[in-house]
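Step one of this worksheet: look at the structure below.
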Protein chains: 2
Amino acid sequence: METIFSPHSLVIIGVSDSPSNVARGILENLDRFAFKKKVYLVGSKPGSLMGRQIFADVSELPEVPDMAVVLIPAPGLPKTLESCGKKGIRRIVIESGGFSEFGEEREGLEEEILKIAKQWGMKIVGPNCVGVVNVENGLTMPFYPLYPHETKKGPISIITQSGGILHDSMMLCHMANLGVNKLISIGNKLALDENDFLEYLIGDPTTEMIGIYLENIRNGRRLMDLAAGTDKPVVLLKSNRSPESTEIARFHTSALAGDDRVVDEAMKQAVVHRVDNLKEMIDSFKVFSLKLLKGQSLAIIARSGGQAVLSADSVYHHGFTLAPFSENFFNMLSEKTRTGVIRRTNPIDLGDVFDLNVYLEITEKALQEDKVDGVVVVHSYAVGRDSEPTKIFISSTAELSKTYGKPVLFCMSGHKEDWFEMREAADFPLFMHVDEALGALRHSYTHFNNRIESSGRHPGKILLNEKKDQIAPLPAGILRVDKVFDLIRAYGLDVADYRIVNNKNEGLDAAREIGYPLALKTASPDVLHKTERRAVLLNIKNEDMLADAFGRIKTGPYLIQKMVPSGWEMIIGGRNDPEFGPVILCGTGGIFVEIYKDVAIRVAPVNEEMARHMVEELKGAAVLKGFRGRFVYSDFIRAHVDNDEAGRGVWYRKRNRNLHAKF
Amino acid sequence: METIFSPHSLVIIGVSDSPSNVARGILENLDRFAFKKKVYLVGSKPGSLMGRQIFADVSELPEVPDMAVVLIPAPGLPKTLESCGKKGIRRIVIESGGFSEFGEEREGLEEEILKIAKQWGMKIVGPNCVGVVNVENGLTMPFYPLYPHETKKGPISIITQSGGILHDSMMLCHMANLGVNKLISIGNKLALDENDFLEYLIGDPTTEMIGIYLENIRNGRRLMDLAAGTDKPVVLLKSNRSPESTEIARFHTSALAGDDRVVDEAMKQAVVHRVDNLKEMIDSFKVFSLKLLKGQSLAIIARSGGQAVLSADSVYHHGFTLAPFSENFFNMLSEKTRTGVIRRTNPIDLGDVFDLNVYLEITEKALQEDKVDGVVVVHSYAVGRDSEPTKIFISSTAELSKTYGKPVLFCMSGHKEDWFEMREAADFPLFMHVDEALGALRHSYTHFNNRIESSGRHPGKILLNEKKDQIAPLPAGILRVDKVFDLIRAYGLDVADYRIVNNKNEGLDAAREIGYPLALKTASPDVLHKTERRAVLLNIKNEDMLADAFGRIKTGPYLIQKMVPSGWEMIIGGRNDPEFGPVILCGTGGIFVEIYKDVAIRVAPVNEEMARHMVEELKGAAVLKGFRGRFVYSDFIRAHVDNDEAGRGVWYRKRNRNLHAKF
């Protein structure tokens, strides 16, 4: 893998001296970025380009290049790969498009390529990608133009399923004065996928944070395990969220997506920082280039009262709190202000102070406060007069932040004429709006709290837990209801007493054992929607009613079951997600699961602590805990997740007050 | 009011030639903006400043200025105002701080000022503000520096409760190449408030859209009526949303806020476009400087597949749909692409096309499509090579958008070196990210749909509806339960049969009339939490149980009431909001109102159509409409809002299936 990022020589296949040739753009980039290693050219029309010979075939090359970058029409790929194989080239970046993203009929071509790759032991990047950018050595494979003056070297590496996003994220990083390290366009990820590159970047010493753009997830569990196993922040932009987008994405990189909600929960589980758009990704890179936030208490220092109030709103909106300041701090503050009248609150409104040195002093004092975990500075300045002092304020704040090991979010609206100058004043990110800064800051605290503080409890550890396989594997298809009950019991949960019977007489016998009232339903696996088919009768109180009920339900066999009083319904479900495998759902049941979507989801297996969290994150958990004295299910949660004797039957416990006892 | 924005002469009170004098900043601004009218100076130390005489008192001025701008320590205000009054000055802008925002002890000072203003018939702006900016005539009252080169004249006017926000929003507009018209800092709004200025701006011919920043709302109903009565878009940023922020805002502009959720709903009712931060306000200004969106069907034209997929996600996320294209359109598209292989989908992925003229052609064809209401262009370009073509693409797109009367949202990440140049390429807004563009575009469609399309049904008209006052006014305090029932019945809703009794014997008699089963509760207005006090007994089935029940509940009188079967509980409530007056709430009742917060809120009065919408916007409405065949309450909504015979008793209708009939 190292060779893909640092080849000693490479060949570009598909080059010509025509101005409309796309592959020549690769060479132009390599030259602009002063890539030092040997670059060969191969093209169907021999000749020369930019002082380099164009060979007719790789077989003619004077040495065996470490890597081939191929940009030729898709149908020619197998022949070219064969040539590369024979020559001894073992790493191929296929930039050509026109594979499975064009339709199923092209899938055969991909299979052929895979076969050739296997035969020669080749590593393949793409197809349908723009390859790799390594800012460390100038390796710049995209065919569209990139420029060194738009590329700052730094700690951010990005894996992306779209070559366009590689370009746009590079530009966005550059405009935010963020430095990038390695960027990988994985395209259709025929062979190497996001996980292969993630694993590499986790081990890469110059990569400090990792951004990923994906349209589908190849192997969600490996992604989770990799991400959970590193302290480097991993930020994911996963698109293709709605069924409608999936259609588009299929055309784009042949991506078929799973359930977006599962992605959400799985990423939380592995502490991957999911963002909704590129803007949020850039904001989170900014935040991760600061010190991590180790608590939730913030100090706000604002240039105006309006910004102070907006910031306070934002602090609470994003789940933080405003730190209390010490007496000393306020006394210092009073000395610094013109009138001596400053409000002893957090946020601090600097409206009365005009000296930027004082802002810096106040920022430092705030950082020194024990109860302050991070500082938000909302600055505003007059262009010209205060431009230079503002630059000093920014760069000094950057130093203070390092000194005190706490993040400072520096926010200001700025001015046209020194917009980028301010961003370049220090290796320190600027934000335009407090709201976007604090939204991104959540990731910092989440990261510290889950990855650093509780590093012994990495979700990775949980994922690797041995699975206790006491339950026999289930047959495919829809289970008969009694098999379902067996399964529930096997997991230690009680089921109301029942029998499967074939006719009225067997039913009457069973009823004498179970006792009335009863429910009678069809147990036929062919009847899926029992209620709609009128194959459910409830509250059968005696033998006459039961006999009558058998006359009404046409299809046997029958389920006869003890009626249980109504309770607070919960749902526990599981399914096999195409991206993450077995997934568990727990929710407030009945109609509420569908109307209020009050569910918690985890990638299995789930241990007791995780199960407890699942129940607790439900809004309906308030009812289980005894909401307004109406339900006293204080031991419900414990009973539910322990699966022990105490837990049996909780699904059927009666609620102790009628919901309507209100007037 | 016109004079406040266009005075023929003004005096600045509080000026000195000291470099630290704050008021001199006002004069510097007026000079920079070449304000043409006479400006006098008054200060405690006579002398001169910037070639103008400083008078010791307004009484010495050679004429009566139209307006005084005062920036002196607060305690000196009454004396100065008296002088102004005597001189004949009738418009005063008080920029000084130090009033009620400093605490209640300063409220007396405000009252004194109000008294003087009333005595002399003065109009007062502020105190604690930075006054007015009128870009039309160069009137620039803030004391902090502003510059003409940072101020583009245009259609946006802004009312703000914070002088800092006035500055920041001016700068943000400028950086987005948005032109501003009039900006008003209303400060503590002692006399003139947001509504006075809103009314003025609605009538102002050069103002086309209005932004408002508020920390509290003075008179919500007037705000609603004003906003509902104009077709100009009104965008509101209302801060001070959490109880914690309120504390800060009080210090800042002495603002005390009402319920934020009520603000949300009231603004929707009046089609005021509420935003969450300044960024969203700027984005909505951008969108409102485009043609209004008249439908929800969008075309996406993206430079890369990744941006296409992200855009499709965003389209659905923001409630829009992707327009279907005609055969003709796709055929044209195939001709334009290099390989002729373009996916016949919306979004269009331009990955294969490199000629920007073709992008423009495709954009025009998309605008021509009948089923396309608006177009999103996601562009990306190589700096240098494609900079000029991109500028032409932008300015031509601006023209096309006007020609076809449909909005085009032009999005691109851009480059440092031509960032602002691109923004100045045309009088046409650029967005960085599709997600923020589409978020703002919602406002455009809402505006068209509610203001323009249904202009006959302005909420304003509804607000002015005559109130039918058949119900006698209620006494203050907590009503006895039977009075509550009377009230419910007076509005045409049924109540389960009940009696108020004083003892067991009266109870037994009442029970014979009502019939069993029964509920018995205390009817004492002193017992608020009946359940907690064990003063509720349900399901009393016979005389013995009833007699026993009277022994258990200690406090009389008693409510004895027919038990009704459980149903689907709804809540209707009302309260007096400090900012909006009477407000109506309707929700999915019982515990769900508190756990799932499934409620609809409107400022009263509510007519039948509004009531129907309230019920329909509840998630729980699915149950009322017959969710999954379990509830068949198809006529519930009608019954509920009509308040006619058909509606009686719906609160107590039985649900027809047991929630737990699931296995």
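Chain labels follow the order of the structure tokens: the first chain is A, the next B, and so on; residue numbering restarts at 1 in every chain, and ligands are counted from 1 in their shown order.
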
Task: Who sits within 7 Å of Pro142 (chain A), only C-alpha atoms, same chain under 6 positions skipped, as a PyMOL selection string - done: chain A and resi 26+130-131

- [ ] Looking only at strand (DSSP E or B) from DSSP on the backbone, list the matching residues of region 67-221 of chain B as a VMD selection string.
- [x] chain B and resid 67 to 70 91 to 94 123 to 125 131 to 134 139 to 140 153 to 160 180 to 185 209 to 214

Open item on the list: As an exercise, work out the distance from CA of Tyr596 (chain B) to CA of Ala622 (chain A) in Å and give it to one decimal place.
Closed with: 10.5 Å

TODO: Give me the residues within 9 Å of Phe410 (chain B) as a list of chain:residue names, counting only C-alpha atoms and dropping any in the same chain fewer than 3 places off.
DONE: B:Val375, B:Val376, B:Val377, B:Val378, B:His379, B:Ile394, B:Thr397, B:Phe428, B:Pro429, B:Leu430, B:Phe431, B:Met432, B:Val434, B:Ala437

Next, the residues of the selection above should be written as a CSV table (one decimal), in the first residue's frame with all heavy atoms.
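Written out: part_25.csv:
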```csv
chain,number,residue,atom,x,y,z
B,375,VAL,N,-33.7,25.8,-10.8
B,375,VAL,CA,-32.5,25.0,-11.2
B,375,VAL,C,-31.4,25.3,-10.2
B,375,VAL,O,-31.2,26.4,-9.7
B,375,VAL,CB,-32.0,25.5,-12.6
B,375,VAL,CG1,-30.7,24.8,-13.0
B,375,VAL,CG2,-33.1,25.2,-13.7
B,376,VAL,N,-30.7,24.2,-9.9
B,376,VAL,CA,-29.5,24.3,-9.0
B,376,VAL,C,-28.3,23.9,-9.8
B,376,VAL,O,-28.2,22.8,-10.4
B,376,VAL,CB,-29.6,23.3,-7.8
B,376,VAL,CG1,-28.3,23.5,-6.9
B,376,VAL,CG2,-30.8,23.6,-7.0
B,377,VAL,N,-27.3,24.9,-10.0
B,377,VAL,CA,-26.1,24.6,-10.7
B,377,VAL,C,-25.0,24.4,-9.7
B,377,VAL,O,-24.8,25.2,-8.8
B,377,VAL,CB,-25.7,25.8,-11.6
B,377,VAL,CG1,-24.4,25.6,-12.2
B,377,VAL,CG2,-26.8,25.9,-12.7
B,378,VAL,N,-24.3,23.2,-9.7
B,378,VAL,CA,-23.2,23.0,-8.8
B,378,VAL,C,-21.9,23.0,-9.7
B,378,VAL,O,-21.6,22.1,-10.4
B,378,VAL,CB,-23.3,21.7,-8.0
B,378,VAL,CG1,-22.3,21.7,-6.9
B,378,VAL,CG2,-24.7,21.5,-7.6
B,379,HIS,N,-21.2,24.1,-9.6
B,379,HIS,CA,-20.1,24.3,-10.5
B,379,HIS,C,-18.8,24.1,-9.8
B,379,HIS,O,-18.7,24.1,-8.5
B,379,HIS,CB,-20.2,25.8,-11.0
B,379,HIS,CG,-19.1,26.1,-12.1
B,379,HIS,ND1,-18.9,25.3,-13.2
B,379,HIS,CD2,-18.2,27.1,-12.2
B,379,HIS,CE1,-17.9,25.8,-13.9
B,379,HIS,NE2,-17.5,26.9,-13.3
B,394,ILE,N,-21.6,32.7,-14.9
B,394,ILE,CA,-22.4,33.2,-13.8
B,394,ILE,C,-23.3,34.4,-14.3
B,394,ILE,O,-24.5,34.4,-14.1
B,394,ILE,CB,-21.5,33.8,-12.7
B,394,ILE,CG1,-20.7,32.6,-12.0
B,394,ILE,CG2,-22.3,34.6,-11.7
B,394,ILE,CD1,-19.6,33.1,-11.1
B,397,THR,N,-26.0,33.1,-16.6
B,397,THR,CA,-27.1,32.4,-15.8
B,397,THR,C,-28.0,33.4,-15.1
B,397,THR,O,-29.2,33.2,-15.1
B,397,THR,CB,-26.4,31.5,-14.8
B,397,THR,OG1,-25.5,30.6,-15.5
B,397,THR,CG2,-27.4,30.8,-14.0
B,428,PHE,N,-25.9,38.9,-8.7
B,428,PHE,CA,-26.4,37.6,-8.7
B,428,PHE,C,-25.7,36.8,-7.5
B,428,PHE,O,-24.5,36.7,-7.5
B,428,PHE,CB,-26.2,36.9,-10.0
B,428,PHE,CG,-26.9,35.6,-10.2
B,428,PHE,CD1,-28.3,35.6,-10.3
B,428,PHE,CD2,-26.2,34.4,-10.4
B,428,PHE,CE1,-29.0,34.4,-10.5
B,428,PHE,CE2,-26.9,33.2,-10.6
B,428,PHE,CZ,-28.2,33.2,-10.7
B,429,PRO,N,-26.5,36.2,-6.6
B,429,PRO,CA,-25.8,35.6,-5.5
B,429,PRO,C,-25.2,34.3,-5.8
B,429,PRO,O,-25.7,33.5,-6.5
B,429,PRO,CB,-27.0,35.4,-4.5
B,429,PRO,CG,-28.2,35.3,-5.4
B,429,PRO,CD,-28.0,36.1,-6.6
B,430,LEU,N,-24.1,34.0,-5.1
B,430,LEU,CA,-23.4,32.7,-5.2
B,430,LEU,C,-23.5,32.0,-3.9
B,430,LEU,O,-23.5,32.6,-2.8
B,430,LEU,CB,-21.9,32.8,-5.6
B,430,LEU,CG,-21.6,33.5,-6.9
B,430,LEU,CD1,-20.1,33.3,-7.2
B,430,LEU,CD2,-22.4,32.9,-8.1
B,431,PHE,N,-23.7,30.7,-3.9
B,431,PHE,CA,-23.7,29.9,-2.7
B,431,PHE,C,-22.5,29.0,-2.7
B,431,PHE,O,-22.0,28.6,-3.7
B,431,PHE,CB,-24.9,29.0,-2.6
B,431,PHE,CG,-26.2,29.8,-2.5
B,431,PHE,CD1,-26.9,30.2,-3.7
B,431,PHE,CD2,-26.7,30.1,-1.3
B,431,PHE,CE1,-28.0,31.0,-3.6
B,431,PHE,CE2,-27.9,30.9,-1.2
B,431,PHE,CZ,-28.6,31.3,-2.3
B,432,MET,N,-22.0,28.7,-1.5
B,432,MET,CA,-20.8,27.8,-1.4
B,432,MET,C,-21.3,26.3,-1.4
B,432,MET,O,-20.6,25.5,-2.0
B,432,MET,CB,-20.1,28.0,-0.1
B,432,MET,CG,-18.7,28.5,-0.4
B,432,MET,SD,-17.8,28.8,1.1
B,432,MET,CE,-16.3,27.8,0.8
B,434,VAL,N,-24.7,23.5,-1.7
B,434,VAL,CA,-26.0,23.2,-2.1
B,434,VAL,C,-27.0,23.2,-0.9
B,434,VAL,O,-28.1,23.7,-0.9
B,434,VAL,CB,-26.1,21.9,-2.9
B,434,VAL,CG1,-27.6,21.6,-3.2
B,434,VAL,CG2,-25.3,22.0,-4.2
B,437,ALA,N,-28.0,26.5,0.2
B,437,ALA,CA,-28.8,27.2,-0.8
B,437,ALA,C,-30.3,26.6,-0.7
B,437,ALA,O,-31.2,27.4,-0.7
B,437,ALA,CB,-28.2,26.9,-2.2
```

Open item on the list: At a cut-off of 9 Å, using only C-alpha atoms, what residues contact Glu327 (chain A)? Leave out same-chain residues fewer than 4 positions from it and give the result as a PyMOL selection string.
Closed with: chain A and resi 331-332+344

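In this model, the gap between CA of Gly295 (chain B) and CA of Gly154 (chain B) comes to 26.9 Å.
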
Task: For region 114-123 of chain B: contacts at 6 Å, only C-alpha atoms, fewer than 2 positions along chain excluded, given as a list in words - done: Gly85, Arg90, Arg91, Glu111 and Glu112 of chain B

Write to file, as an mmCIF file, in the first residue's frame, the residues of the selection just made, with C-alpha atoms.
```cif
data_model
loop_
_atom_site.group_PDB
_atom_site.id
_atom_site.type_symbol
_atom_site.label_atom_id
_atom_site.label_comp_id
_atom_site.auth_asym_id
_atom_site.auth_seq_id
_atom_site.Cartn_x
_atom_site.Cartn_y
_atom_site.Cartn_z
ATOM 1 C CA GLY B 85 -37.383 70.171 23.564
ATOM 2 C CA ARG B 90 -38.615 66.634 17.757
ATOM 3 C CA ARG B 91 -36.573 63.589 16.741
ATOM 4 C CA GLU B 111 -39.597 56.781 32.569
ATOM 5 C CA GLU B 112 -38.266 60.288 32.970
#
```

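Checking B:Thr80, B:Gln296, B:Thr160, B:Ser396 one by one against Asn357 (chain B), counting only C-alpha atoms, you find the shortest gap at B:Ser396.
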
- [ ] Do a neighbour search on Ile13 (chain B) at 9 Å with only C-alpha atoms, toss out local chain neighbours closer than 2 positions, and write the hits as a list in words.
- [x] Val11, Val15, Ala23, Tyr40, Leu41, Val42, Gly43, Ser44, Asp57, Val58, Ala68, Val69, Val70, Leu71, Ile72 and Thr80 of chain B

Open item on the list: With only C-alpha atoms as the counted atoms, please give the residues lying no more than 8 Å from Leu290 (chain B), apart from itself and same-chain residues fewer than 2 positions off, as a PyMOL selection string.
Closed with: chain B and resi 286-288+292+401+407-408+428

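Proximity ranking of A:Pro389, A:Pro324, A:Pro145, A:Gly88 relative to Phe354 (chain A) places A:Pro389 first, based on only C-alpha atoms.
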
Task: Backbone-only DSSP, helix (DSSP H, G or I) members of region 131-332 of chain B, as JSON, numbers by chain - done: {"B": [148, 149, 150, 163, 164, 165, 166, 167, 168, 169, 170, 171, 172, 173, 174, 175, 194, 195, 196, 197, 198, 199, 200, 201, 202, 203, 220, 221, 222, 223, 224, 225, 226, 227, 228, 243, 244, 245, 246, 247, 248, 249, 250, 251, 252, 253, 260, 261, 262, 263, 264, 265, 266, 267, 268, 269, 278, 279, 280, 281, 282, 283, 284, 285, 286, 287, 288, 305, 306, 307, 308, 309, 310, 311, 312, 313, 314, 315, 316, 317, 327, 328, 329, 330, 331, 332]}

- [ ] Mind giving me the straight-line distance from CA of Ala266 (chain A) to CA of Val583 (chain A) in Å, one decimal?
- [x] 9.1 Å

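Residue nearest chain B, chosen from A:Tyr516, A:Phe197, A:Tyr498, A:Tyr445 and counting only C-alpha atoms: A:Tyr498.
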
Find the nearest atom pair between each residue of region 101-197 of chain B and region 415-420 of chain B for residues within 10 Å, count only C-alpha atoms, give distances in Å to one decimal, sort rows by chain and ascending number, and present the table as CSV.
```
residue,atom,partner,partner_atom,distance
B:Met175,CA,B:Phe420,CA,7.4
B:Ala176,CA,B:Phe420,CA,8.2
B:Asn177,CA,B:Phe420,CA,8.3
```

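Counting only C-alpha atoms and comparing B:Asp276, B:Glu107, B:Glu617, B:Asp283, the residue that lies closest to chain A is B:Asp276.
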